[in-house]
$ cat coords.csv   # CSV, C-alpha atoms
chain,number,residue,atom,x,y,z
P,1,MET,CA,168.6,115.6,251.3
P,2,GLY,CA,168.2,116.5,254.9
P,3,ASN,CA,170.8,114.5,256.8
P,4,SER,CA,174.0,113.5,255.2
P,5,ALA,CA,177.8,113.8,255.4
P,6,ALA,CA,177.0,117.5,254.6
P,7,GLN,CA,176.1,117.9,258.2
P,8,ALA,CA,179.2,116.1,259.5
P,9,VAL,CA,182.2,117.3,257.4
P,10,ASN,CA,183.6,120.8,257.2
P,11,ILE,CA,183.6,121.9,253.6
P,12,LEU,CA,186.9,123.7,254.0
P,13,SER,CA,188.7,120.4,255.0
P,14,LEU,CA,187.1,118.3,252.3
P,15,PRO,CA,189.9,118.8,249.8
P,16,ILE,CA,192.2,117.2,252.3
P,17,ILE,CA,189.7,114.6,253.7
P,18,SER,CA,188.8,113.5,250.2
P,19,ARG,CA,192.4,112.5,249.7
P,20,LEU,CA,192.8,110.7,253.0
P,21,PHE,CA,189.6,108.7,252.9
P,22,SER,CA,188.0,106.8,250.0
P,23,PRO,CA,184.6,107.5,248.4
P,24,GLY,CA,183.3,104.3,250.1
P,25,GLU,CA,184.3,105.6,253.6
P,26,LEU,CA,182.6,108.9,253.0
P,27,GLY,CA,179.6,106.9,252.0
P,28,MET,CA,179.7,105.0,255.3
P,29,LEU,CA,179.8,108.4,257.1
P,30,SER,CA,176.6,109.3,255.4
P,31,MET,CA,174.9,106.1,256.6
P,32,PHE,CA,176.2,107.0,260.1
P,33,VAL,CA,174.7,110.4,260.0
P,34,GLU,CA,171.3,109.1,258.9
P,35,ALA,CA,171.4,106.6,261.8
P,36,LEU,CA,172.2,109.6,264.1
P,37,ALA,CA,168.9,111.2,262.9
P,38,PHE,CA,166.9,108.3,264.2
P,39,VAL,CA,168.7,108.0,267.5
P,40,SER,CA,168.7,111.8,268.3
P,41,ILE,CA,164.9,111.9,267.9
P,42,VAL,CA,164.4,109.4,270.8
P,43,ILE,CA,167.3,110.9,272.9
P,44,SER,CA,165.8,114.4,273.0
P,45,LEU,CA,162.2,114.0,271.8
P,46,ARG,CA,163.1,117.1,269.7
P,47,VAL,CA,162.8,119.4,272.7
P,48,GLU,CA,165.9,121.2,271.6
P,49,HIS,CA,163.9,122.8,268.8
P,50,VAL,CA,161.4,124.5,271.0
P,51,VAL,CA,163.8,126.1,273.6
P,52,MET,CA,163.3,129.4,271.8
P,53,LEU,CA,159.5,129.5,272.3
P,54,PRO,CA,158.9,130.2,276.1
P,55,ARG,CA,158.5,133.8,277.1
P,56,LYS,CA,160.6,133.5,280.2
P,57,ASP,CA,164.2,132.5,280.3
P,58,ARG,CA,163.8,130.3,283.3
P,59,GLU,CA,161.1,128.3,281.4
P,60,ALA,CA,163.4,127.9,278.5
P,61,PHE,CA,166.2,126.7,280.8
P,62,GLU,CA,163.9,124.0,282.1
P,63,LEU,CA,163.5,122.7,278.5
P,64,PHE,CA,167.3,122.8,278.0
P,65,ALA,CA,167.8,120.9,281.3
P,66,PHE,CA,165.3,118.3,280.1
P,67,VAL,CA,167.4,117.8,276.9
P,68,PHE,CA,170.5,117.3,278.9
P,69,SER,CA,169.1,115.1,281.7
P,70,PHE,CA,166.8,112.9,279.6
P,71,GLY,CA,169.5,112.8,277.0
P,72,ILE,CA,172.0,111.2,279.4
P,73,LEU,CA,169.6,108.6,280.6
P,74,SER,CA,168.6,107.8,277.0
P,75,CYS,CA,172.2,107.7,275.9
P,76,ILE,CA,173.0,105.1,278.6
P,77,LEU,CA,170.0,102.9,277.6
P,78,PHE,CA,170.9,103.1,273.9
P,79,THR,CA,174.5,102.2,274.5
P,80,VAL,CA,173.5,99.1,276.5
P,81,LEU,CA,171.1,98.1,273.7
P,82,VAL,CA,173.9,98.5,271.1
P,83,VAL,CA,176.2,96.3,273.1
P,84,ILE,CA,173.5,93.6,273.5
P,85,PHE,CA,172.6,93.7,269.8
P,86,ALA,CA,176.3,93.4,268.9
P,87,LEU,CA,176.8,90.4,271.2
P,88,LEU,CA,173.8,88.7,269.8
P,89,GLY,CA,175.1,89.2,266.2
P,90,ILE,CA,172.1,91.4,265.2
P,91,ILE,CA,174.5,94.2,264.2
P,92,PRO,CA,177.0,93.1,261.5
P,93,SER,CA,180.7,93.2,262.5
P,94,ASP,CA,181.5,96.0,259.9
P,95,TYR,CA,179.0,98.3,261.6
P,96,ARG,CA,179.6,97.6,265.3
P,97,LEU,CA,182.1,100.4,265.9
P,98,TRP,CA,179.9,102.9,264.1
P,99,ALA,CA,176.9,101.8,266.1
P,100,LEU,CA,178.8,102.0,269.4
P,101,PHE,CA,179.5,105.7,268.9
P,102,LEU,CA,175.9,106.5,267.8
P,103,PRO,CA,174.3,107.2,271.2
P,104,VAL,CA,176.9,109.5,272.6
P,105,THR,CA,177.3,111.4,269.3
P,106,ALA,CA,173.5,111.9,269.1
P,107,PHE,CA,173.5,113.2,272.7
P,108,LEU,CA,176.3,115.7,272.1
P,109,MET,CA,174.6,116.9,269.0
P,110,VAL,CA,171.2,117.6,270.5
P,111,VAL,CA,172.7,119.2,273.7
P,112,SER,CA,174.9,121.5,271.7
P,113,LEU,CA,171.9,122.7,269.6
P,114,ALA,CA,169.7,123.1,272.8
P,115,VAL,CA,172.3,125.2,274.6
P,116,GLN,CA,172.9,127.3,271.4
P,117,GLN,CA,169.1,128.0,271.2
P,118,LEU,CA,169.1,129.0,274.8
P,119,SER,CA,172.0,131.4,274.2
P,120,GLN,CA,170.3,132.9,271.2
P,121,ARG,CA,167.3,134.0,273.3
P,122,SER,CA,169.5,136.9,274.4
P,123,ALA,CA,170.3,137.7,270.8
P,124,ASN,CA,173.9,136.7,271.3
P,125,PHE,CA,174.4,135.6,267.7
P,126,ARG,CA,178.1,136.4,267.8
P,127,LEU,CA,178.8,133.6,270.3
P,128,SER,CA,176.5,131.3,268.3
P,129,GLY,CA,178.5,131.9,265.2
P,130,ILE,CA,181.8,131.3,267.0
P,131,SER,CA,180.5,128.0,268.4
P,132,GLU,CA,179.7,126.8,264.9
P,133,ALA,CA,183.2,127.7,263.8
P,134,VAL,CA,184.7,125.8,266.8
P,135,ASN,CA,182.5,122.9,265.9
P,136,ARG,CA,183.8,122.7,262.3
P,137,PHE,CA,187.4,123.4,263.2
P,138,SER,CA,187.6,120.7,265.9
P,139,ASN,CA,185.8,118.2,263.6
P,140,SER,CA,188.1,118.9,260.7
P,141,LEU,CA,191.3,118.9,262.8
P,142,PHE,CA,190.5,115.5,264.4
P,143,SER,CA,189.6,114.0,261.0
P,144,ILE,CA,192.7,115.3,259.2
P,145,VAL,CA,195.2,114.3,261.9
P,146,ALA,CA,193.6,110.9,262.3
P,147,GLY,CA,193.5,110.3,258.5
P,148,ALA,CA,197.1,111.4,258.1
P,149,PHE,CA,198.1,108.6,260.4
P,150,GLY,CA,196.1,106.1,258.4
P,151,ALA,CA,193.1,105.8,260.7
P,152,PRO,CA,190.0,104.0,259.3
P,153,GLY,CA,186.8,105.7,258.2
P,154,ILE,CA,185.2,105.4,261.7
P,155,VAL,CA,187.2,108.5,262.8
P,156,LEU,CA,184.9,110.6,260.6
P,157,GLY,CA,182.0,109.5,262.8
P,158,ILE,CA,183.9,110.1,266.0
P,159,ALA,CA,184.9,113.6,264.7
P,160,VAL,CA,181.1,114.5,264.6
P,161,ALA,CA,181.0,113.9,268.4
P,162,VAL,CA,184.3,115.8,268.9
P,163,GLY,CA,182.9,118.9,267.1
P,164,SER,CA,179.6,118.9,269.0
P,165,PHE,CA,181.5,118.5,272.3
P,166,PHE,CA,183.7,121.6,271.7
P,167,LYS,CA,180.8,123.6,270.4
P,168,SER,CA,179.0,122.9,273.8
P,169,LEU,CA,182.0,124.1,275.7
P,170,MET,CA,181.4,127.6,274.3
P,171,PHE,CA,178.3,127.8,276.5
P,172,MET,CA,179.7,126.5,279.8
P,173,SER,CA,177.9,129.1,281.9
P,174,TYR,CA,174.6,127.4,281.2
P,175,PHE,CA,175.9,123.9,282.1
P,176,ARG,CA,177.0,125.1,285.6
P,177,GLU,CA,173.3,125.7,286.5
P,178,LEU,CA,172.2,122.2,285.7
P,179,SER,CA,171.0,119.9,288.5
P,180,ALA,CA,172.9,116.6,289.2
P,181,ASN,CA,169.5,114.9,289.7
P,182,LEU,CA,168.9,113.7,286.2
P,183,LEU,CA,165.5,112.1,286.9
P,184,ARG,CA,164.1,115.2,288.7
P,185,ALA,CA,165.3,117.5,285.9
P,186,SER,CA,163.6,115.3,283.4
P,187,LEU,CA,160.3,115.3,285.2
P,188,ILE,CA,160.5,119.1,285.6
P,189,GLY,CA,161.1,119.4,281.9
P,190,LEU,CA,158.1,117.2,281.1
P,191,ARG,CA,155.9,119.4,283.2
P,192,ARG,CA,157.2,122.5,281.4
P,193,ILE,CA,156.5,120.8,278.0
P,194,LYS,CA,152.9,120.2,279.2
P,195,ARG,CA,152.4,123.7,280.6
P,196,GLN,CA,153.9,125.3,277.5
P,197,GLY,CA,151.4,123.3,275.4
P,198,VAL,CA,154.0,122.2,272.8
P,199,GLN,CA,153.1,118.5,272.8
P,200,LYS,CA,151.6,118.6,269.4
P,201,LEU,CA,154.5,120.6,268.0
P,202,LEU,CA,157.0,118.0,269.4
P,203,GLY,CA,154.9,115.2,268.0
P,204,SER,CA,154.9,116.9,264.7
P,205,LEU,CA,158.7,117.3,264.8
P,206,ILE,CA,159.3,113.7,265.9
P,207,PHE,CA,157.1,112.4,263.1
P,208,SER,CA,158.5,114.9,260.5
P,209,HIS,CA,162.1,114.3,261.4
P,210,GLY,CA,161.6,110.5,261.5
P,211,MET,CA,160.2,110.6,258.0
P,212,LEU,CA,163.0,113.0,256.9
P,213,ALA,CA,165.6,110.5,258.2
P,214,VAL,CA,163.9,107.7,256.2
P,215,THR,CA,163.6,109.9,253.1
P,216,SER,CA,167.3,110.8,253.3
P,217,PHE,CA,168.4,107.2,253.9
P,218,LEU,CA,166.4,105.6,251.1
P,219,PRO,CA,168.4,107.1,248.2
P,220,LEU,CA,171.7,106.2,249.8
P,221,TRP,CA,170.5,102.7,250.4
P,222,PHE,CA,169.2,102.4,246.9
P,223,ILE,CA,172.5,103.8,245.4
P,224,SER,CA,174.5,101.4,247.5
P,225,MET,CA,172.4,98.4,246.5
P,226,ARG,CA,172.4,99.2,242.8
P,227,TRP,CA,175.7,100.9,242.1
P,228,GLY,CA,177.9,100.4,245.2
P,229,ASN,CA,179.3,102.4,248.1
P,230,ASP,CA,181.6,104.4,246.0
P,231,TYR,CA,178.6,106.0,244.3
P,232,VAL,CA,177.2,106.7,247.7
P,233,GLY,CA,180.4,108.6,248.4
P,234,TYR,CA,180.1,110.6,245.2
P,235,PHE,CA,176.6,111.6,246.0
P,236,SER,CA,177.5,112.4,249.6
P,237,LEU,CA,180.4,114.6,248.5
P,238,VAL,CA,177.9,116.5,246.2
P,239,LEU,CA,175.5,116.9,249.1
P,240,THR,CA,178.3,118.2,251.3
P,241,THR,CA,179.6,120.8,248.9
P,242,LEU,CA,176.2,122.0,247.7
P,243,ALA,CA,175.1,122.4,251.3
P,244,LEU,CA,177.8,124.9,251.9
P,245,PRO,CA,175.7,128.0,251.2
P,246,THR,CA,172.9,126.7,253.4
P,247,ARG,CA,175.2,125.7,256.2
P,248,LEU,CA,177.3,128.9,256.3
P,249,LEU,CA,174.8,131.5,255.3
P,250,GLY,CA,171.3,129.9,255.2
P,251,THR,CA,171.6,128.6,258.7
P,252,ALA,CA,172.6,131.9,260.1
P,253,VAL,CA,169.8,133.7,258.2
P,254,GLY,CA,167.4,131.1,259.5
P,255,GLN,CA,168.4,131.4,263.1
P,256,VAL,CA,168.0,135.2,263.0
P,257,PHE,CA,164.8,134.9,261.1
P,258,TYR,CA,163.3,132.4,263.6
P,259,GLN,CA,164.1,134.7,266.5
P,260,ARG,CA,162.8,137.8,264.9
P,261,ALA,CA,159.8,136.2,263.3
P,262,SER,CA,158.8,134.6,266.7
P,263,SER,CA,159.1,138.0,268.4
P,264,THR,CA,157.1,139.7,265.7
P,265,PHE,CA,154.4,137.1,265.7
P,266,SER,CA,154.1,137.2,269.5
P,267,THR,CA,152.8,140.8,269.0
P,268,LYS,CA,150.1,139.6,266.7
P,269,LYS,CA,151.8,141.0,263.6
P,270,PRO,CA,152.6,139.2,260.3
P,271,PHE,CA,156.2,138.5,259.5
P,272,CYS,CA,155.8,138.4,255.7
P,273,ASP,CA,158.0,141.5,255.1
P,274,LEU,CA,160.8,139.8,257.1
P,275,PHE,CA,160.4,136.6,255.0
P,276,ILE,CA,160.4,138.4,251.7
P,277,SER,CA,163.5,140.6,252.4
P,278,ASN,CA,165.5,137.5,253.5
P,279,ALA,CA,164.3,135.5,250.6
P,280,LYS,CA,165.4,138.2,248.2
P,281,LEU,CA,168.9,138.2,249.8
P,282,LEU,CA,169.2,134.5,249.4
P,283,PHE,CA,168.1,134.6,245.8
P,284,LEU,CA,170.7,137.1,244.8
P,285,ILE,CA,173.3,134.9,246.3
P,286,ALA,CA,171.9,131.6,244.9
P,287,VAL,CA,171.8,132.5,241.2
P,288,PRO,CA,175.5,133.2,240.6
P,289,GLY,CA,176.8,130.7,243.1
P,290,PHE,CA,174.9,127.6,241.9
P,291,SER,CA,175.3,128.6,238.3
P,292,ILE,CA,179.1,128.1,238.6
P,293,VAL,CA,178.5,124.6,239.8
P,294,PHE,CA,176.2,123.8,237.0
P,295,PHE,CA,178.5,125.0,234.2
P,296,PHE,CA,181.9,124.0,235.7
P,297,GLY,CA,181.2,121.2,238.1
P,298,PRO,CA,182.8,118.4,236.0
P,299,PHE,CA,186.0,120.4,236.0
P,300,LEU,CA,185.9,121.8,239.6
P,301,TYR,CA,185.4,118.5,241.5
P,302,PRO,CA,188.4,116.6,240.1
P,303,PHE,CA,190.6,119.7,240.4
P,304,VAL,CA,189.6,120.4,244.1
P,305,PHE,CA,189.1,116.9,245.4
P,306,GLY,CA,191.2,114.6,243.2
P,307,GLN,CA,190.7,112.7,240.0
P,308,GLU,CA,188.9,109.8,241.7
P,309,TRP,CA,186.0,112.2,242.4
P,310,GLY,CA,185.4,113.1,238.8
P,311,ILE,CA,182.0,111.5,238.8
P,312,ALA,CA,180.9,113.7,241.6
P,313,GLY,CA,181.2,116.7,239.3
P,314,GLN,CA,178.7,115.2,237.0
P,315,VAL,CA,176.4,114.4,239.9
P,316,ALA,CA,176.5,118.0,241.0
P,317,GLN,CA,175.3,119.2,237.6
P,318,TYR,CA,172.1,117.3,238.2
P,319,TYR,CA,171.4,117.9,241.8
P,320,VAL,CA,172.4,121.6,241.8
P,321,PHE,CA,168.8,122.7,241.0
P,322,ALA,CA,167.4,121.0,244.1
P,323,ALA,CA,170.3,122.3,246.2
P,324,ALA,CA,169.5,125.9,245.1
P,325,LEU,CA,165.8,125.6,246.0
P,326,SER,CA,166.8,124.0,249.3
P,327,PHE,CA,169.0,127.1,250.0
P,328,LEU,CA,166.0,129.3,249.4
P,329,SER,CA,163.5,127.4,251.5
P,330,VAL,CA,165.3,125.5,254.3
P,331,PRO,CA,166.3,128.6,256.3
P,332,PHE,CA,162.6,129.3,256.9
P,333,ASP,CA,161.5,125.7,257.6
P,334,ARG,CA,160.5,126.6,261.2
P,335,SER,CA,157.8,129.0,260.2
P,336,GLY,CA,155.2,126.4,260.8
P,337,LEU,CA,156.4,126.2,264.5
P,338,ILE,CA,155.9,129.9,264.9
P,339,VAL,CA,152.2,129.8,263.8
P,340,ASN,CA,151.5,126.5,265.5
P,341,ALA,CA,151.0,124.7,262.2
P,342,TRP,CA,151.8,121.4,263.9
P,343,TRP,CA,150.2,119.5,261.0
P,344,TYR,CA,152.2,121.0,258.2
P,345,GLY,CA,155.6,119.4,258.9
P,346,PRO,CA,154.3,115.8,259.0
P,347,GLY,CA,152.2,116.4,255.9
P,348,TRP,CA,155.1,117.9,253.9
P,349,HIS,CA,157.6,115.2,255.0
P,350,LEU,CA,155.0,112.4,254.2
P,351,GLY,CA,154.6,113.9,250.7
P,352,ARG,CA,158.4,113.9,250.2
P,353,LEU,CA,158.8,110.4,251.6
P,354,VAL,CA,156.0,109.0,249.3
P,355,THR,CA,157.4,110.7,246.2
P,356,THR,CA,160.9,109.6,247.0
P,357,ILE,CA,159.7,106.0,247.3
P,358,ALA,CA,157.9,106.5,243.9
P,359,VAL,CA,161.1,107.6,242.2
P,360,ILE,CA,163.0,104.6,243.6
P,361,TYR,CA,160.2,102.2,242.6
P,362,PHE,CA,160.0,103.4,239.0
P,363,ILE,CA,163.8,103.6,238.5
P,364,ASP,CA,164.1,100.0,239.8
P,365,LEU,CA,161.1,98.9,237.7
P,366,TYR,CA,162.6,100.1,234.5
P,367,ASN,CA,166.2,99.3,235.4
P,368,ALA,CA,167.2,102.9,234.7
P,369,THR,CA,170.8,104.3,235.0
P,370,PHE,CA,172.3,106.1,237.9
P,371,PHE,CA,172.0,109.5,236.2
P,372,ASP,CA,168.4,108.8,235.3
P,373,PHE,CA,167.8,108.3,239.0
P,374,LEU,CA,169.6,111.6,239.8
P,375,PHE,CA,167.4,113.4,237.2
P,376,TRP,CA,164.1,112.3,238.7
P,377,LEU,CA,165.3,112.6,242.3
P,378,THR,CA,166.2,116.2,241.5
P,379,ILE,CA,162.8,116.9,240.0
P,380,GLN,CA,161.1,115.4,243.0
P,381,ALA,CA,163.1,117.2,245.6
P,382,SER,CA,162.9,120.6,243.8
P,383,THR,CA,159.1,120.3,243.6
P,384,MET,CA,158.9,119.7,247.4
P,385,TYR,CA,161.1,122.7,248.2
P,386,VAL,CA,159.0,125.0,246.0
P,387,ILE,CA,155.9,123.8,247.9
P,388,ASP,CA,157.7,124.5,251.2
P,389,ALA,CA,158.6,128.0,250.2
P,390,LEU,CA,155.0,128.8,249.2
P,391,ALA,CA,153.8,127.4,252.6
P,392,THR,CA,156.2,129.7,254.4
P,393,TYR,CA,154.9,132.7,252.6
P,394,LEU,CA,151.3,131.8,253.6
P,395,PHE,CA,152.3,131.2,257.2
P,396,SER,CA,154.2,134.6,257.3
P,397,ARG,CA,150.9,136.4,256.5
P,398,ARG,CA,149.1,135.2,259.6
P,399,THR,CA,148.7,137.2,262.8
P,400,ARG,CA,147.3,134.4,264.9
P,401,PRO,CA,148.4,130.9,265.6
P,402,PHE,CA,146.5,127.9,264.2
P,403,PRO,CA,144.2,126.2,266.7
P,404,SER,CA,145.6,123.1,268.4
P,405,LYS,CA,142.9,121.0,266.8
P,406,LEU,CA,143.0,120.7,263.0
P,407,PHE,CA,139.2,120.9,262.6
P,408,VAL,CA,137.4,123.4,264.9
$ encode --input "coords.csv" --output "structure tokens"
Amino acid sequence: MGNSAAQAVNILSLPIISRLFSPGELGMLSMFVEALAFVSIVISLRVEHVVMLPRKDREAFELFAFVFSFGILSCILFTVLVVIFALLGIIPSDYRLWALFLPVTAFLMVVSLAVQQLSQRSANFRLSGISEAVNRFSNSLFSIVAGAFGAPGIVLGIAVAVGSFFKSLMFMSYFRELSANLLRASLIGLRRIKRQGVQKLLGSLIFSHGMLAVTSFLPLWFISMRWGNDYVGYFSLVLTTLALPTRLLGTAVGQVFYQRASSTFSTKKPFCDLFISNAKLLFLIAVPGFSIVFFFGPFLYPFVFGQEWGIAGQVAQYYVFAAALSFLSVPFDRSGLIVNAWWYGPGWHLGRLVTTIAVIYFIDLYNATFFDFLFWLTIQASTMYVIDALATYLFSRRTRPFPSKLFV
């Protein structure tokens, strides 16, 4: 899965959070994060993902300023729309509070990523790592304190915004240079996007991330419809815990890889050696780490998170294979951006979306069990991650970018 509670909850605080909130509330958090994926696409147009690409720092800053300025304007518009939809009864009452926090949370998330990317251009990876730690700590502290006082599950969604806000504070020097004229900064950013020639890349990201959000949401929706929100919670807890290696190590490896691979490729050299060396490192970590989950998951999950999470241990035994392959491929998923393979992302995500729908269709058709669904979903996701890793290897062998047109 791409977006889930795994992106919103600090794994170190989960043993406490799992005892303060029910499986159903964690399931609701997963739904909230999937909705965030949709909103953040429109709020930033995915520009935060290309801040690293310009050669000059000033050009990169203009892209960051666009994310900030356009994001504020979009956030205001989305908030107004949410209020209108709530008053008209389009949004069910149970979801109104969650929906109200969507725009500002999405804005804080994309801005924190954009300013982090801007900082990484100077190879300041130490500050980047500290900011991620601050994000997780503030998120967890807010969730735990609120949960200890009996707060409802919505605080888990608010905690996502709190974590992103404090992460952004670590890069305050960049914010001091921003213009107060939001419209002007947005227009300057649009011109920079055009001059940089990244329109197709952004279109690729928007399309790809949109399909990723749908692909991630569909299994949660299907589980909720067939087996209830508690099972969504079990599945979400597994995604959260199995994403730990990717979030803590894989993300760090991916950030350094993206910066160094971009630099290498800009000199018309392949970055395959860099890819292979990083992949070997991740493989050596993945084999023992994920093997422990496979053999001892049914005992570990109830012990760590409480007896009501026992089913999550069984879920982990199934999905651990897909999680391991994700750990090996996701850190390199921006290789297509480096070589201007703007068509690859949409193609891969379309394939994953179609195959996810196929799994859901046949499971529903034959009225299969929850664990039958997990088995085939794991097979489907694992196959797509293997394809992604092979594509990264092929991209890493190139010395020139792909042409802007698919057929030349």
$ residues_near_point --input "coords.csv" --point "(162.9, 114.8, 274.2)" --cutoff "10 Å" --atoms "only C-alpha atoms" --output "MDAnalysis selection string"
chainID P and resid 40:49 63:64 66:71 74 110 186 189:190 193 202 206
$ closest_residue --input "coords.csv" --among "P:Leu353, P:Val253, P:Val320, P:Ala381" --to "P:Gly129" --atoms "all atoms listed in the file"
P:Val253
$ closest_residue --input "coords.csv" --among "P:Leu212, P:Ala86, P:Ala60, P:Leu102" --to "P:Arg195" --atoms "only C-alpha atoms"
P:Ala60
$ atom_distance --input "coords.csv" --atom1 "atom CA of P:Trp227" --atom2 "atom CA of P:Ser143"
26.9 Å
$ residues_around --input "coords.csv" --residues "P:Leu26" --least-positions-apart "6" --cutoff "8 Å" --atoms "only C-alpha atoms" --output "ChimeraX atom specification"
/P:5,153,232-233,236-237
$ closest_residue --input "coords.csv" --among "P:Ile90, P:Ile311, P:Val134, P:Ile360" --to "P:Asp230" --atoms "only C-alpha atoms"
P:Ile311
$ atom_distance --input "coords.csv" --atom1 "atom CA of P:Leu36" --atom2 "atom CA of P:Ile158"
11.9 Å
$ atom_distance --input "coords.csv" --atom1 "atom CA of P:Ile17" --atom2 "atom CA of P:Ser138"
13.8 Å
$ residues_around --input "coords.csv" --residues "P:Gly306" --least-positions-apart "5" --cutoff "9 Å" --atoms "only C-alpha atoms" --output "PyMOL selection string"
chain P and resi 15+18-19+301
$ closest_atom_pairs --input "coords.csv" --of "stretch 115-162 of chain P" --to "stretch 172-177 of chain P" --cutoff "9 Å" --atoms "only C-alpha atoms" --output "Markdown table"
| residue | atom | partner | partner_atom | distance |
| --- | --- | --- | --- | --- |
| P:Val115 | CA | P:Tyr174 | CA | 7.3 |
| P:Leu118 | CA | P:Tyr174 | CA | 8.6 |
| P:Ser119 | CA | P:Tyr174 | CA | 8.5 |
$ write_last_selection --input "coords.csv" --atoms "C-alpha atoms" --output "PDB file, keeping the file's coordinate frame"
ATOM      1  CA  VAL P 115     172.300 125.200 274.600  1.00  0.00           C
ATOM      2  CA  LEU P 118     169.100 129.000 274.800  1.00  0.00           C
ATOM      3  CA  SER P 119     172.000 131.400 274.200  1.00  0.00           C
TER       4      SER P 119
END
$ residues_around --input "coords.csv" --residues "P:Arg55" --least-positions-apart "3" --cutoff "12 Å" --atoms "all atoms listed in the file" --output "PyMOL selection string"
chain P and resi 50-52+58-61+118+121-122+196+262-263+266
$ write_last_selection --input "coords.csv" --atoms "C-alpha atoms" --output "CSV table (one decimal), keeping the file's coordinate frame"
chain,number,residue,atom,x,y,z
P,50,VAL,CA,161.4,124.5,271.0
P,51,VAL,CA,163.8,126.1,273.6
P,52,MET,CA,163.3,129.4,271.8
P,58,ARG,CA,163.8,130.3,283.3
P,59,GLU,CA,161.1,128.3,281.4
P,60,ALA,CA,163.4,127.9,278.5
P,61,PHE,CA,166.2,126.7,280.8
P,118,LEU,CA,169.1,129.0,274.8
P,121,ARG,CA,167.3,134.0,273.3
P,122,SER,CA,169.5,136.9,274.4
P,196,GLN,CA,153.9,125.3,277.5
P,262,SER,CA,158.8,134.6,266.7
P,263,SER,CA,159.1,138.0,268.4
P,266,SER,CA,154.1,137.2,269.5
$ closest_atom_pairs --input "coords.csv" --of "stretch 190-218 of chain P" --to "stretch 31-35 of chain P" --cutoff "12 Å" --atoms "all atoms listed in the file" --output "JSON lines"
{"residue": "P:His209", "atom": "CA", "partner": "P:Glu34", "partner_atom": "CA", "distance": 10.9}
{"residue": "P:Gly210", "atom": "CA", "partner": "P:Glu34", "partner_atom": "CA", "distance": 10.1}
{"residue": "P:Met211", "atom": "CA", "partner": "P:Glu34", "partner_atom": "CA", "distance": 11.2}
{"residue": "P:Leu212", "atom": "CA", "partner": "P:Glu34", "partner_atom": "CA", "distance": 9.4}
{"residue": "P:Ala213", "atom": "CA", "partner": "P:Glu34", "partner_atom": "CA", "distance": 5.9}
{"residue": "P:Val214", "atom": "CA", "partner": "P:Glu34", "partner_atom": "CA", "distance": 8.0}
{"residue": "P:Thr215", "atom": "CA", "partner": "P:Glu34", "partner_atom": "CA", "distance": 9.7}
{"residue": "P:Ser216", "atom": "CA", "partner": "P:Glu34", "partner_atom": "CA", "distance": 7.1}
{"residue": "P:Phe217", "atom": "CA", "partner": "P:Glu34", "partner_atom": "CA", "distance": 6.1}
{"residue": "P:Leu218", "atom": "CA", "partner": "P:Glu34", "partner_atom": "CA", "distance": 9.9}
$ residues_around --input "coords.csv" --residues "P:Val293" --least-positions-apart "5" --cutoff "10 Å" --atoms "all atoms listed in the file" --output "PDB file with C-alpha atoms, in the coordinates of the input"
ATOM      1  CA  THR P 241     179.600 120.800 248.900  1.00  0.00           C
ATOM      2  CA  LEU P 242     176.200 122.000 247.700  1.00  0.00           C
ATOM      3  CA  PRO P 288     175.500 133.200 240.600  1.00  0.00           C
ATOM      4  CA  PRO P 298     182.800 118.400 236.000  1.00  0.00           C
ATOM      5  CA  PHE P 299     186.000 120.400 236.000  1.00  0.00           C
ATOM      6  CA  LEU P 300     185.900 121.800 239.600  1.00  0.00           C
ATOM      7  CA  TYR P 301     185.400 118.500 241.500  1.00  0.00           C
ATOM      8  CA  GLY P 313     181.200 116.700 239.300  1.00  0.00           C
ATOM      9  CA  GLN P 314     178.700 115.200 237.000  1.00  0.00           C
ATOM     10  CA  ALA P 316     176.500 118.000 241.000  1.00  0.00           C
ATOM     11  CA  GLN P 317     175.300 119.200 237.600  1.00  0.00           C
ATOM     12  CA  TYR P 318     172.100 117.300 238.200  1.00  0.00           C
ATOM     13  CA  TYR P 319     171.400 117.900 241.800  1.00  0.00           C
ATOM     14  CA  VAL P 320     172.400 121.600 241.800  1.00  0.00           C
ATOM     15  CA  PHE P 321     168.800 122.700 241.000  1.00  0.00           C
TER      16      PHE P 321
END
$ closest_residue --input "coords.csv" --among "P:Ala151, P:Leu178, P:Ala324, P:Leu205" --to "P:Ser291" --atoms "all atoms listed in the file"
P:Ala324
$ closest_residue --input "coords.csv" --among "P:Thr356, P:Leu325, P:Leu187, P:Phe362" --to "P:Tyr385" --atoms "only C-alpha atoms"
P:Leu325
$ closest_residue --input "coords.csv" --among "P:Asp333, P:Asp94, P:Asp372, P:Asp364" --to "P:Val386" --atoms "all atoms listed in the file"
P:Asp333
